[in-house]
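Here is the file structure_28.pdb (PDB, C-alpha atoms).
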```pdb
ATOM      1  CA  MET A  12     -59.209  26.809 -24.279
ATOM      2  CA  MET A  13     -57.516  24.288 -21.993
ATOM      3  CA  SER A  14     -59.903  21.960 -20.236
ATOM      4  CA  THR A  15     -60.113  22.355 -16.452
ATOM      5  CA  GLU A  16     -61.915  19.085 -15.831
ATOM      6  CA  ALA A  17     -60.490  17.083 -12.965
ATOM      7  CA  THR A  18     -58.544  13.961 -13.848
ATOM      8  CA  PRO A  19     -60.572  10.879 -12.876
ATOM      9  CA  GLU A  20     -59.328   9.165  -9.743
ATOM     10  CA  THR A  21     -59.036   5.851 -11.571
ATOM     11  CA  ALA A  22     -56.697   7.436 -14.145
ATOM     12  CA  ILE A  23     -54.503   8.904 -11.393
ATOM     13  CA  HIS A  24     -54.343   5.536  -9.679
ATOM     14  CA  ALA A  25     -53.457   3.776 -12.941
ATOM     15  CA  LEU A  26     -50.711   6.316 -13.650
ATOM     16  CA  ALA A  27     -49.265   5.940 -10.150
ATOM     17  CA  GLN A  28     -49.313   2.153 -10.499
ATOM     18  CA  TRP A  29     -47.537   2.431 -13.839
ATOM     19  CA  TYR A  30     -44.842   4.613 -12.273
ATOM     20  CA  LEU A  31     -44.358   2.095  -9.464
ATOM     21  CA  GLU A  32     -44.017  -0.791 -11.885
ATOM     22  CA  TRP A  33     -41.266   1.091 -13.689
ATOM     23  CA  GLY A  34     -39.343   1.800 -10.511
ATOM     24  CA  VAL A  35     -40.486   5.375  -9.812
ATOM     25  CA  ASP A  36     -40.911   5.532  -6.036
ATOM     26  CA  LEU A  37     -40.854   9.312  -5.450
ATOM     27  CA  SER A  38     -43.480  11.719  -6.761
ATOM     28  CA  MET A  39     -41.126  14.712  -6.534
ATOM     29  CA  ASP A  40     -37.699  15.744  -5.315
ATOM     30  CA  ASP A  41     -35.796  18.939  -4.708
ATOM     31  CA  GLN A  42     -33.914  18.492  -7.962
ATOM     32  CA  ALA A  43     -33.743  16.123 -10.891
ATOM     33  CA  VAL A  44     -31.594  13.021 -10.519
ATOM     34  CA  ASN A  45     -28.875  12.539 -13.122
ATOM     35  CA  TRP A  46     -28.776   8.767 -13.484
ATOM     36  CA  TYR A  47     -25.985   9.038 -16.042
ATOM     37  CA  ALA A  48     -23.817  10.641 -13.373
ATOM     38  CA  ALA A  49     -24.835   7.910 -10.932
ATOM     39  CA  ALA A  50     -23.725   5.273 -13.431
ATOM     40  CA  GLU A  51     -20.385   7.048 -13.915
ATOM     41  CA  ALA A  52     -19.908   7.183 -10.145
ATOM     42  CA  ALA A  53     -20.617   3.457  -9.929
ATOM     43  CA  ARG A  54     -18.046   2.891 -12.665
ATOM     44  CA  ASP A  55     -15.450   4.910 -10.747
ATOM     45  CA  ARG A  56     -16.104   2.905  -7.593
ATOM     46  CA  MET A  57     -15.831  -0.313  -9.591
ATOM     47  CA  ILE A  58     -12.442   0.757 -10.925
ATOM     48  CA  ALA A  59     -11.204   1.779  -7.487
ATOM     49  CA  ASN A  60     -12.386  -1.403  -5.763
ATOM     50  CA  ARG A  61     -11.615  -4.033  -8.386
ATOM     51  CA  PRO A  62      -9.293  -6.833  -7.281
ATOM     52  CA  ARG A  63      -5.692  -6.206  -8.261
ATOM     53  CA  GLY A  64      -4.081  -9.049 -10.129
ATOM     54  CA  THR A  65      -0.647  -9.526 -11.603
ATOM     55  CA  GLU A  66      -0.099  -6.816 -14.177
ATOM     56  CA  ALA A  67       1.370  -7.532 -17.566
ATOM     57  CA  PRO A  68       4.842  -6.153 -18.259
ATOM     58  CA  ALA A  69       3.509  -4.054 -21.127
ATOM     59  CA  ASP A  70       0.373  -2.093 -21.717
ATOM     60  CA  ILE A  71      -2.868  -3.723 -22.803
ATOM     61  CA  ALA A  72      -3.592  -1.730 -25.923
ATOM     62  CA  GLY A  73      -2.220  -4.329 -28.316
ATOM     63  CA  ARG A  74       1.475  -3.804 -27.662
ATOM     64  CA  THR A  75       3.794  -6.742 -28.058
ATOM     65  CA  ALA A  76       6.954  -7.965 -26.404
ATOM     66  CA  ALA A  77       9.943  -9.590 -28.047
ATOM     67  CA  ALA A  78      10.153 -13.324 -27.624
ATOM     68  CA  ALA A  79      12.628 -14.677 -25.104
ATOM     69  CA  PRO A  80      15.858 -16.029 -26.657
ATOM     70  CA  PRO A  81      15.768 -19.746 -27.399
ATOM     71  CA  ALA A  82      17.312 -22.135 -24.919
ATOM     72  CA  GLY A  83      21.061 -22.343 -25.266
ATOM     73  CA  GLN A  84      21.524 -18.737 -26.304
ATOM     74  CA  GLY A  85      22.976 -16.282 -23.878
ATOM     75  CA  SER A  86      22.018 -12.729 -23.253
ATOM     76  CA  ALA A  87      23.435  -9.819 -25.225
ATOM     77  CA  GLY A  88      25.961  -9.103 -22.516
ATOM     78  CA  LYS A  89      27.445 -12.594 -22.726
ATOM     79  CA  GLY A  90      28.050 -12.726 -26.471
ATOM     80  CA  SER A  91      26.500 -16.050 -27.458
ATOM     81  CA  ALA A  92      27.726 -17.955 -30.479
ATOM     82  CA  GLY A  93      24.693 -16.923 -32.513
ATOM     83  CA  GLN A  94      25.332 -13.284 -31.707
ATOM     84  CA  ARG A  95      29.036 -13.531 -32.463
ATOM     85  CA  GLY A  96      28.161 -14.806 -35.920
ATOM     86  CA  GLN A  97      26.281 -11.558 -36.517
ATOM     87  CA  ALA A  98      29.233  -9.337 -35.554
ATOM     88  CA  GLY A  99      29.756  -6.499 -37.985
ATOM     89  CA  LYS A 100      26.425  -7.026 -39.667
ATOM     90  CA  GLY A 101      24.433  -4.526 -37.609
ATOM     91  CA  PRO A 102      21.876  -5.249 -34.930
ATOM     92  CA  ALA A 103      20.176  -8.623 -35.018
ATOM     93  CA  ALA A 104      16.591  -8.776 -36.208
ATOM     94  CA  PRO A 105      14.096  -8.985 -33.348
ATOM     95  CA  GLY A 106      12.483 -12.318 -32.622
ATOM     96  CA  PRO A 107       8.846 -13.033 -33.407
ATOM     97  CA  ALA A 108       6.421 -10.818 -31.529
ATOM     98  CA  VAL A 109       4.352 -12.395 -28.781
ATOM     99  CA  LEU A 110       1.020 -10.791 -28.000
ATOM    100  CA  LEU A 111       0.559 -10.414 -24.271
ATOM    101  CA  ARG A 112      -2.709 -11.641 -22.829
ATOM    102  CA  ALA A 113      -4.650  -8.638 -21.606
ATOM    103  CA  ASP A 114      -6.443  -8.611 -18.296
ATOM    104  CA  PRO A 115     -10.135  -7.856 -19.115
ATOM    105  CA  ALA A 116     -10.424  -5.806 -15.942
ATOM    106  CA  ALA A 117      -7.503  -3.670 -17.049
ATOM    107  CA  VAL A 118      -8.915  -3.170 -20.545
ATOM    108  CA  ASP A 119     -12.356  -2.132 -19.320
ATOM    109  CA  PRO A 120     -13.238  -2.587 -15.641
ATOM    110  CA  MET A 121     -16.931  -2.438 -16.543
ATOM    111  CA  SER A 122     -16.870  -4.989 -19.368
ATOM    112  CA  PRO A 123     -19.098  -8.036 -18.735
ATOM    113  CA  GLN A 124     -16.033 -10.284 -18.417
ATOM    114  CA  ALA A 125     -14.346  -7.969 -15.924
ATOM    115  CA  VAL A 126     -17.517  -7.484 -13.885
ATOM    116  CA  ALA A 127     -18.101 -11.242 -13.704
ATOM    117  CA  ALA A 128     -14.480 -11.772 -12.624
ATOM    118  CA  SER A 129     -14.856  -9.120  -9.938
ATOM    119  CA  ALA A 130     -18.108 -10.719  -8.756
ATOM    120  CA  ARG A 131     -16.433 -14.115  -8.476
ATOM    121  CA  SER A 132     -13.613 -12.590  -6.450
ATOM    122  CA  HIS A 133     -15.952 -10.750  -4.088
ATOM    123  CA  ALA A 134     -18.228 -13.771  -3.640
ATOM    124  CA  ALA A 135     -15.403 -16.256  -3.069
ATOM    125  CA  ALA A 136     -13.966 -14.066  -0.310
ATOM    126  CA  ALA A 137     -17.162 -14.394   1.767
ATOM    127  CA  ARG A 138     -16.915 -17.053   4.466
ATOM    128  CA  THR A 139     -20.298 -16.428   6.094
ATOM    129  CA  LEU A 140     -23.736 -15.293   4.978
ATOM    130  CA  ALA A 141     -23.160 -11.974   6.729
ATOM    131  CA  GLU A 142     -19.952 -11.460   4.769
ATOM    132  CA  LEU A 143     -21.729 -12.388   1.534
ATOM    133  CA  GLU A 144     -24.487  -9.873   2.202
ATOM    134  CA  ALA A 145     -21.890  -7.206   2.960
ATOM    135  CA  ALA A 146     -20.074  -8.077  -0.268
ATOM    136  CA  LEU A 147     -23.300  -7.596  -2.227
ATOM    137  CA  HIS A 148     -23.917  -4.232  -0.610
ATOM    138  CA  GLY A 149     -20.407  -3.163  -1.590
ATOM    139  CA  PHE A 150     -20.512  -4.546  -5.124
ATOM    140  CA  GLU A 151     -20.811  -1.887  -7.846
ATOM    141  CA  GLY A 152     -20.715  -4.098 -10.933
ATOM    142  CA  CYS A 153     -24.445  -4.220 -11.666
ATOM    143  CA  ALA A 154     -26.315  -1.108 -12.778
ATOM    144  CA  LEU A 155     -29.572  -2.462 -11.325
ATOM    145  CA  LYS A 156     -28.302  -1.514  -7.897
ATOM    146  CA  ALA A 157     -28.563   2.186  -8.769
ATOM    147  CA  THR A 158     -32.290   1.973  -9.539
ATOM    148  CA  ALA A 159     -33.339  -0.497  -6.825
ATOM    149  CA  SER A 160     -34.675   0.592  -3.444
ATOM    150  CA  HIS A 161     -33.177  -2.353  -1.544
ATOM    151  CA  THR A 162     -30.670  -5.123  -1.913
ATOM    152  CA  VAL A 163     -32.912  -8.158  -1.437
ATOM    153  CA  PHE A 164     -30.700 -10.783   0.154
ATOM    154  CA  ALA A 165     -32.747 -13.658   1.599
ATOM    155  CA  ASP A 166     -35.569 -14.797   3.853
ATOM    156  CA  GLY A 167     -36.359 -17.923   5.815
ATOM    157  CA  ASN A 168     -34.181 -20.343   7.734
ATOM    158  CA  PRO A 169     -30.518 -20.620   6.624
ATOM    159  CA  GLU A 170     -30.347 -24.004   8.380
ATOM    160  CA  ALA A 171     -33.141 -25.432   6.221
ATOM    161  CA  ASP A 172     -32.448 -28.367   3.921
ATOM    162  CA  LEU A 173     -34.548 -26.851   1.103
ATOM    163  CA  MET A 174     -33.335 -23.685  -0.652
ATOM    164  CA  LEU A 175     -35.429 -21.794  -3.192
ATOM    165  CA  VAL A 176     -33.654 -19.568  -5.710
ATOM    166  CA  GLY A 177     -35.952 -17.225  -7.603
ATOM    167  CA  GLU A 178     -35.235 -14.827 -10.426
ATOM    168  CA  ALA A 179     -35.236 -11.218  -9.158
ATOM    169  CA  PRO A 180     -37.252  -9.030  -6.787
ATOM    170  CA  GLY A 181     -40.528  -7.539  -7.951
ATOM    171  CA  ALA A 182     -42.020  -4.195  -6.972
ATOM    172  CA  GLU A 183     -43.234  -5.280  -3.524
ATOM    173  CA  GLU A 184     -40.023  -7.178  -2.794
ATOM    174  CA  ASP A 185     -37.992  -4.118  -3.737
ATOM    175  CA  ARG A 186     -40.035  -1.923  -1.385
ATOM    176  CA  ARG A 187     -39.819  -4.314   1.559
ATOM    177  CA  GLY A 188     -36.346  -5.771   0.986
ATOM    178  CA  LEU A 189     -37.476  -9.407   1.171
ATOM    179  CA  PRO A 190     -37.935 -12.050  -1.553
ATOM    180  CA  PHE A 191     -41.357 -13.390  -2.533
ATOM    181  CA  VAL A 192     -43.589 -11.129  -0.464
ATOM    182  CA  GLY A 193     -45.950  -9.878  -3.190
ATOM    183  CA  ALA A 194     -48.791 -11.753  -4.839
ATOM    184  CA  SER A 195     -46.383 -14.389  -6.171
ATOM    185  CA  GLY A 196     -44.994 -14.829  -2.662
ATOM    186  CA  GLN A 197     -48.457 -15.504  -1.299
ATOM    187  CA  LEU A 198     -48.940 -18.221  -3.901
ATOM    188  CA  LEU A 199     -45.516 -19.641  -3.036
ATOM    189  CA  ASP A 200     -46.528 -19.808   0.633
ATOM    190  CA  ARG A 201     -49.615 -21.812  -0.324
ATOM    191  CA  MET A 202     -47.538 -24.208  -2.428
ATOM    192  CA  LEU A 203     -45.113 -24.709   0.441
ATOM    193  CA  ALA A 204     -48.012 -25.341   2.817
ATOM    194  CA  ALA A 205     -49.281 -28.010   0.426
ATOM    195  CA  ILE A 206     -46.124 -30.051   1.085
ATOM    196  CA  GLY A 207     -46.158 -29.337   4.813
ATOM    197  CA  ARG A 208     -43.657 -26.484   4.927
ATOM    198  CA  ASP A 209     -43.594 -22.783   5.695
ATOM    199  CA  ARG A 210     -40.947 -20.061   5.494
ATOM    200  CA  GLY A 211     -39.398 -21.197   8.725
ATOM    201  CA  GLN A 212     -38.554 -24.508   7.057
ATOM    202  CA  VAL A 213     -37.053 -23.203   3.812
ATOM    203  CA  TYR A 214     -34.463 -20.636   2.771
ATOM    204  CA  ILE A 215     -35.308 -18.213  -0.043
ATOM    205  CA  THR A 216     -33.168 -15.979  -2.225
ATOM    206  CA  ASN A 217     -32.889 -14.822  -5.856
ATOM    207  CA  VAL A 218     -30.269 -14.956  -8.588
ATOM    208  CA  LEU A 219     -30.432 -11.154  -8.764
ATOM    209  CA  PRO A 220     -30.712  -9.161  -5.524
ATOM    210  CA  TRP A 221     -31.876  -5.995  -7.305
ATOM    211  CA  ARG A 222     -35.115  -5.394  -9.150
ATOM    212  CA  PRO A 223     -34.931  -4.793 -12.917
ATOM    213  CA  PRO A 224     -37.014  -1.682 -13.716
ATOM    214  CA  GLY A 225     -40.532  -2.587 -14.776
ATOM    215  CA  ASN A 226     -39.889  -6.221 -13.805
ATOM    216  CA  ARG A 227     -38.263  -6.746 -17.181
ATOM    217  CA  THR A 228     -36.226  -9.861 -17.874
ATOM    218  CA  PRO A 229     -32.648  -9.290 -16.677
ATOM    219  CA  SER A 230     -29.978  -9.075 -19.338
ATOM    220  CA  PRO A 231     -27.267 -11.745 -19.724
ATOM    221  CA  ALA A 232     -24.681  -9.253 -18.407
ATOM    222  CA  GLU A 233     -26.791  -8.557 -15.300
ATOM    223  CA  ILE A 234     -27.216 -12.260 -14.650
ATOM    224  CA  ALA A 235     -23.481 -12.898 -15.115
ATOM    225  CA  ALA A 236     -22.690 -10.114 -12.623
ATOM    226  CA  CYS A 237     -24.961 -11.574  -9.933
ATOM    227  CA  LEU A 238     -24.692 -15.325 -10.498
ATOM    228  CA  PRO A 239     -21.383 -15.785  -8.586
ATOM    229  CA  PHE A 240     -23.072 -14.427  -5.454
ATOM    230  CA  ALA A 241     -26.029 -16.806  -5.887
ATOM    231  CA  LEU A 242     -23.705 -19.788  -6.299
ATOM    232  CA  ARG A 243     -21.685 -18.767  -3.253
ATOM    233  CA  HIS A 244     -24.963 -18.356  -1.387
ATOM    234  CA  ILE A 245     -25.811 -21.978  -2.116
ATOM    235  CA  ALA A 246     -22.340 -23.132  -1.070
ATOM    236  CA  LEU A 247     -22.613 -21.344   2.286
ATOM    237  CA  VAL A 248     -26.122 -22.636   3.062
ATOM    238  CA  ARG A 249     -25.299 -26.191   1.941
ATOM    239  CA  PRO A 250     -28.909 -27.321   1.330
ATOM    240  CA  ARG A 251     -29.881 -30.872   0.474
ATOM    241  CA  LEU A 252     -31.995 -29.655  -2.441
ATOM    242  CA  VAL A 253     -32.174 -26.417  -4.446
ATOM    243  CA  VAL A 254     -35.362 -25.437  -6.267
ATOM    244  CA  ALA A 255     -34.782 -23.089  -9.195
ATOM    245  CA  VAL A 256     -37.979 -21.067  -9.266
ATOM    246  CA  GLY A 257     -38.588 -19.728 -12.770
ATOM    247  CA  GLY A 258     -36.866 -19.759 -16.125
ATOM    248  CA  VAL A 259     -34.216 -17.134 -15.374
ATOM    249  CA  SER A 260     -33.109 -18.987 -12.261
ATOM    250  CA  ALA A 261     -33.131 -22.431 -13.908
ATOM    251  CA  LYS A 262     -31.177 -21.330 -16.979
ATOM    252  CA  ALA A 263     -28.648 -19.382 -14.899
ATOM    253  CA  LEU A 264     -27.965 -22.064 -12.293
ATOM    254  CA  LEU A 265     -27.912 -24.949 -14.754
ATOM    255  CA  ASP A 266     -26.230 -23.010 -17.572
ATOM    256  CA  ARG A 267     -28.798 -24.256 -20.041
ATOM    257  CA  PRO A 268     -30.487 -22.404 -22.932
ATOM    258  CA  GLU A 269     -33.854 -24.157 -22.739
ATOM    259  CA  GLY A 270     -36.930 -22.489 -21.314
ATOM    260  CA  ILE A 271     -38.602 -23.436 -18.067
ATOM    261  CA  THR A 272     -41.204 -25.622 -19.790
ATOM    262  CA  ARG A 273     -38.377 -27.933 -20.864
ATOM    263  CA  LEU A 274     -36.275 -27.665 -17.719
ATOM    264  CA  ARG A 275     -39.032 -28.060 -15.130
ATOM    265  CA  GLY A 276     -39.940 -31.329 -13.518
ATOM    266  CA  ARG A 277     -36.470 -32.849 -13.379
ATOM    267  CA  SER A 278     -33.447 -32.744 -11.133
ATOM    268  CA  THR A 279     -29.878 -31.987 -12.210
ATOM    269  CA  GLU A 280     -26.729 -32.408 -10.145
ATOM    270  CA  LEU A 281     -24.808 -29.135  -9.836
ATOM    271  CA  MET A 282     -21.199 -28.941  -8.665
ATOM    272  CA  ILE A 283     -20.361 -25.656  -6.947
ATOM    273  CA  ASP A 284     -17.017 -24.451  -5.626
ATOM    274  CA  GLY A 285     -17.041 -24.812  -1.860
ATOM    275  CA  LEU A 286     -19.186 -27.954  -1.785
ATOM    276  CA  ASP A 287     -17.621 -31.385  -1.436
ATOM    277  CA  GLN A 288     -20.369 -33.023  -3.499
ATOM    278  CA  PRO A 289     -22.921 -31.941  -6.107
ATOM    279  CA  VAL A 290     -26.228 -30.489  -4.987
ATOM    280  CA  PRO A 291     -29.433 -31.507  -6.793
ATOM    281  CA  VAL A 292     -31.293 -28.643  -8.479
ATOM    282  CA  PHE A 293     -34.977 -29.059  -9.341
ATOM    283  CA  ALA A 294     -36.586 -26.520 -11.684
ATOM    284  CA  THR A 295     -40.213 -25.416 -11.526
ATOM    285  CA  PHE A 296     -42.474 -22.571 -12.609
ATOM    286  CA  HIS A 297     -42.297 -19.146 -10.994
ATOM    287  CA  PRO A 298     -45.468 -18.262  -9.043
ATOM    288  CA  ALA A 299     -45.796 -15.031 -11.054
ATOM    289  CA  TYR A 300     -46.019 -17.141 -14.221
ATOM    290  CA  LEU A 301     -48.674 -19.312 -12.617
ATOM    291  CA  LEU A 302     -50.728 -16.236 -11.757
ATOM    292  CA  ARG A 303     -50.684 -15.331 -15.446
ATOM    293  CA  GLN A 304     -51.129 -18.921 -16.631
ATOM    294  CA  PRO A 305     -53.296 -20.666 -14.006
ATOM    295  CA  ALA A 306     -53.724 -23.703 -16.246
ATOM    296  CA  GLN A 307     -50.080 -24.564 -15.514
ATOM    297  CA  LYS A 308     -50.744 -24.948 -11.787
ATOM    298  CA  ARG A 309     -51.462 -28.629 -12.378
ATOM    299  CA  LEU A 310     -47.893 -29.180 -13.563
ATOM    300  CA  ALA A 311     -46.545 -27.031 -10.736
ATOM    301  CA  TRP A 312     -48.435 -29.180  -8.218
ATOM    302  CA  THR A 313     -46.790 -32.245  -9.711
ATOM    303  CA  ASP A 314     -43.396 -30.553  -9.381
ATOM    304  CA  TRP A 315     -43.884 -29.813  -5.691
ATOM    305  CA  LEU A 316     -44.982 -33.378  -4.983
ATOM    306  CA  HIS A 317     -41.746 -34.549  -6.624
ATOM    307  CA  ILE A 318     -39.778 -32.034  -4.528
ATOM    308  CA  ALA A 319     -41.303 -33.383  -1.307
ATOM    309  CA  GLU A 320     -40.651 -36.960  -2.405
ATOM    310  CA  ARG A 321     -37.062 -36.153  -3.368
ATOM    311  CA  LEU A 322     -36.384 -34.564   0.016
ATOM    312  CA  GLU A 323     -37.557 -37.701   1.777
ATOM    313  CA  LYS A 324     -35.149 -39.842  -0.247
ATOM    314  CA  LEU A 325     -32.086 -37.593  -0.093
ATOM    315  CA  PRO A 326     -29.458 -38.535   2.500
ATOM    316  CA  GLU A 327     -28.742 -36.188   5.364
ATOM    317  CA  THR A 328     -25.789 -33.877   4.811
ATOM    318  CA  GLY A 329     -23.107 -33.299   7.381
ATOM    319  CA  ARG A 330     -23.714 -29.602   7.901
TER     320      ARG A 330
END
```
As C-alpha cells - that is how I would like this structure written.
Amino acid sequence: MMSTEATPETAIHALAQWYLEWGVDLSMDDQAVNWYAAAEAARDRMIANRPRGTEAPADIAGRTAAAAPPAGQGSAGKGSAGQRGQAGKGPAAPGPAVLLRADPAAVDPMSPQAVAASARSHAAAARTLAELEAALHGFEGCALKATASHTVFADGNPEADLMLVGEAPGAEEDRRGLPFVGASGQLLDRMLAAIGRDRGQVYITNVLPWRPPGNRTPSPAEIAACLPFALRHIALVRPRLVVAVGGVSAKALLDRPEGITRLRGRSTELMIDGLDQPVPVFATFHPAYLLRQPAQKRLAWTDWLHIAERLEKLPETGR
C-alpha cells in the first residue's frame, strides 16, 4: 500500500531550493514548455537578424569558381593569342579551381564563429550604454537567454574610475536583474568598504549577462558569444582600472588559459577597440569562491590593497 505520510517540510524546502538552483522558477504552468521549440525560434530570429555582408558569387557548399585568366590574356569574346592557338582543338581546358572562402554566418548562422561575429557587429554598433543594453536584449546568439529570468546588465556608477567584471549572474542576480546581489555580492560590498568604496563609487557588470542553469561554468561558445559585449562595455565606460572578478572573467578578458590562482594578483594591459590606450586589468578571486574557500580571503585582501594602491598611482583619464 502506498504510504500517506506527509513529506517533511525540510525535504520540501530542499527540493524547492534545488529547483531554484537549476533555474526552475515556476512551480506549475498551464502547459508544458517546449524548450526545443524555443531554441529553434531563437535560431530563426538569429538568422533573420544577422548582419548582411558581401555574399560570395557562388554557393557555400564547397563549390568552386574558375580562376580568372592570367594577365595579358583577353576574354573569350576578344580572341586572345592563347585562345587562337587552340582553334579547332575543341574547348580549352578550364583553369585551376579556386575554392571560395565561405562566410561562417552563411554556412551556419548559429555556429560559434558566426555567433561571435554577430555579437561583435551588434556590440560595435552601440555608441552608448543604453544602446549596448538594447543590443543585448535583442541578441539571440546565446541559448542562456532562453532560460534566464533577466538580462543582467550592470549596477553602480558608470562614471566611476573602477570597473568590476564578474563571471555570470547567480540565482539571486537572475531573479533581481542586478549583478552581485546575493551572498557573494554582500561579501563584495564588504571588500569594497575595506578600501573605502561602495557601489556608488564603482561600476559592476559580468562577462555573461544571463545565468547558466545551476550556476554551472559557462561553455567556451557561450563566453565567445557574450565577450564582445563585455569588451564594448569597458570601452564605453572608459575606466582607469578593470578588476576581473573570478577565473571565467580573467581568462576571457585576458585570453589566457591559466586558472585564477595563477592570474590573480597582477595587472595586465588590455587593448580594446574604441579605447585610445590600453586599460589595466587586475584579476582576483570571485567572492563566491571565497565563501567556499575562506582560507583564500587573505590573498584576496592583499589583492584589494594592491587595487587601491594602483588606483592612487594611475593617471587621470580624459573622460
Between CA of Arg186 in chain A and CA of Thr21 in chain A lies a distance of 22.9 Å
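Distances from A:Pro305, A:Pro190, A:Gly258, A:Gly167 to Phe293 in chain A were compared using only C-alpha atoms, and the smallest one belongs to A:Gly258.
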I need the residue nearest Ala128 in chain A from this list: A:Gly193, A:Pro326, A:Gly152, A:Gly257. Use all atoms listed in the file for the distance.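 So, comparing all the options, the nearest one is A:Gly152.
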What do you get, as a list in words, if you spell out every residue that the PyMOL selection byres ((chain A and resi 206) around 9) selects here? Met202, Leu203, Ala204, Ala205, Gly207, Arg208, Asp209, Trp315, Leu316, Ile318 and Ala319 of chain A
Residues near Ile245 in chain A, cut-off 12 Å, all atoms listed in the file, skip fewer than 3 positions along chain, as a ChimeraX atom specification: /A:134-135,139-140,143,165,169-176,214-218,238-242,248-255,264,281-286,289-292
Result set, the PyMOL selection byres ((chain A and resi 187) around 12) on current file, as a list in words: Ala159, Ser160, His161, Thr162, Val163, Phe164, Ala165, Asp166, Pro180, Gly181, Ala182, Glu183, Glu184, Asp185, Arg186, Gly188, Leu189, Pro190, Phe191, Val192, Gly193 and Arg222 of chain A
Rounded to one decimal in Å, what is the spacing between CA of Leu302 in chain A and CA of His317 in chain A? 21.0 Å
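Interatomic distance, CA of Gln212 in chain A to CA of Gln304 in chain A: 27.4 Å.
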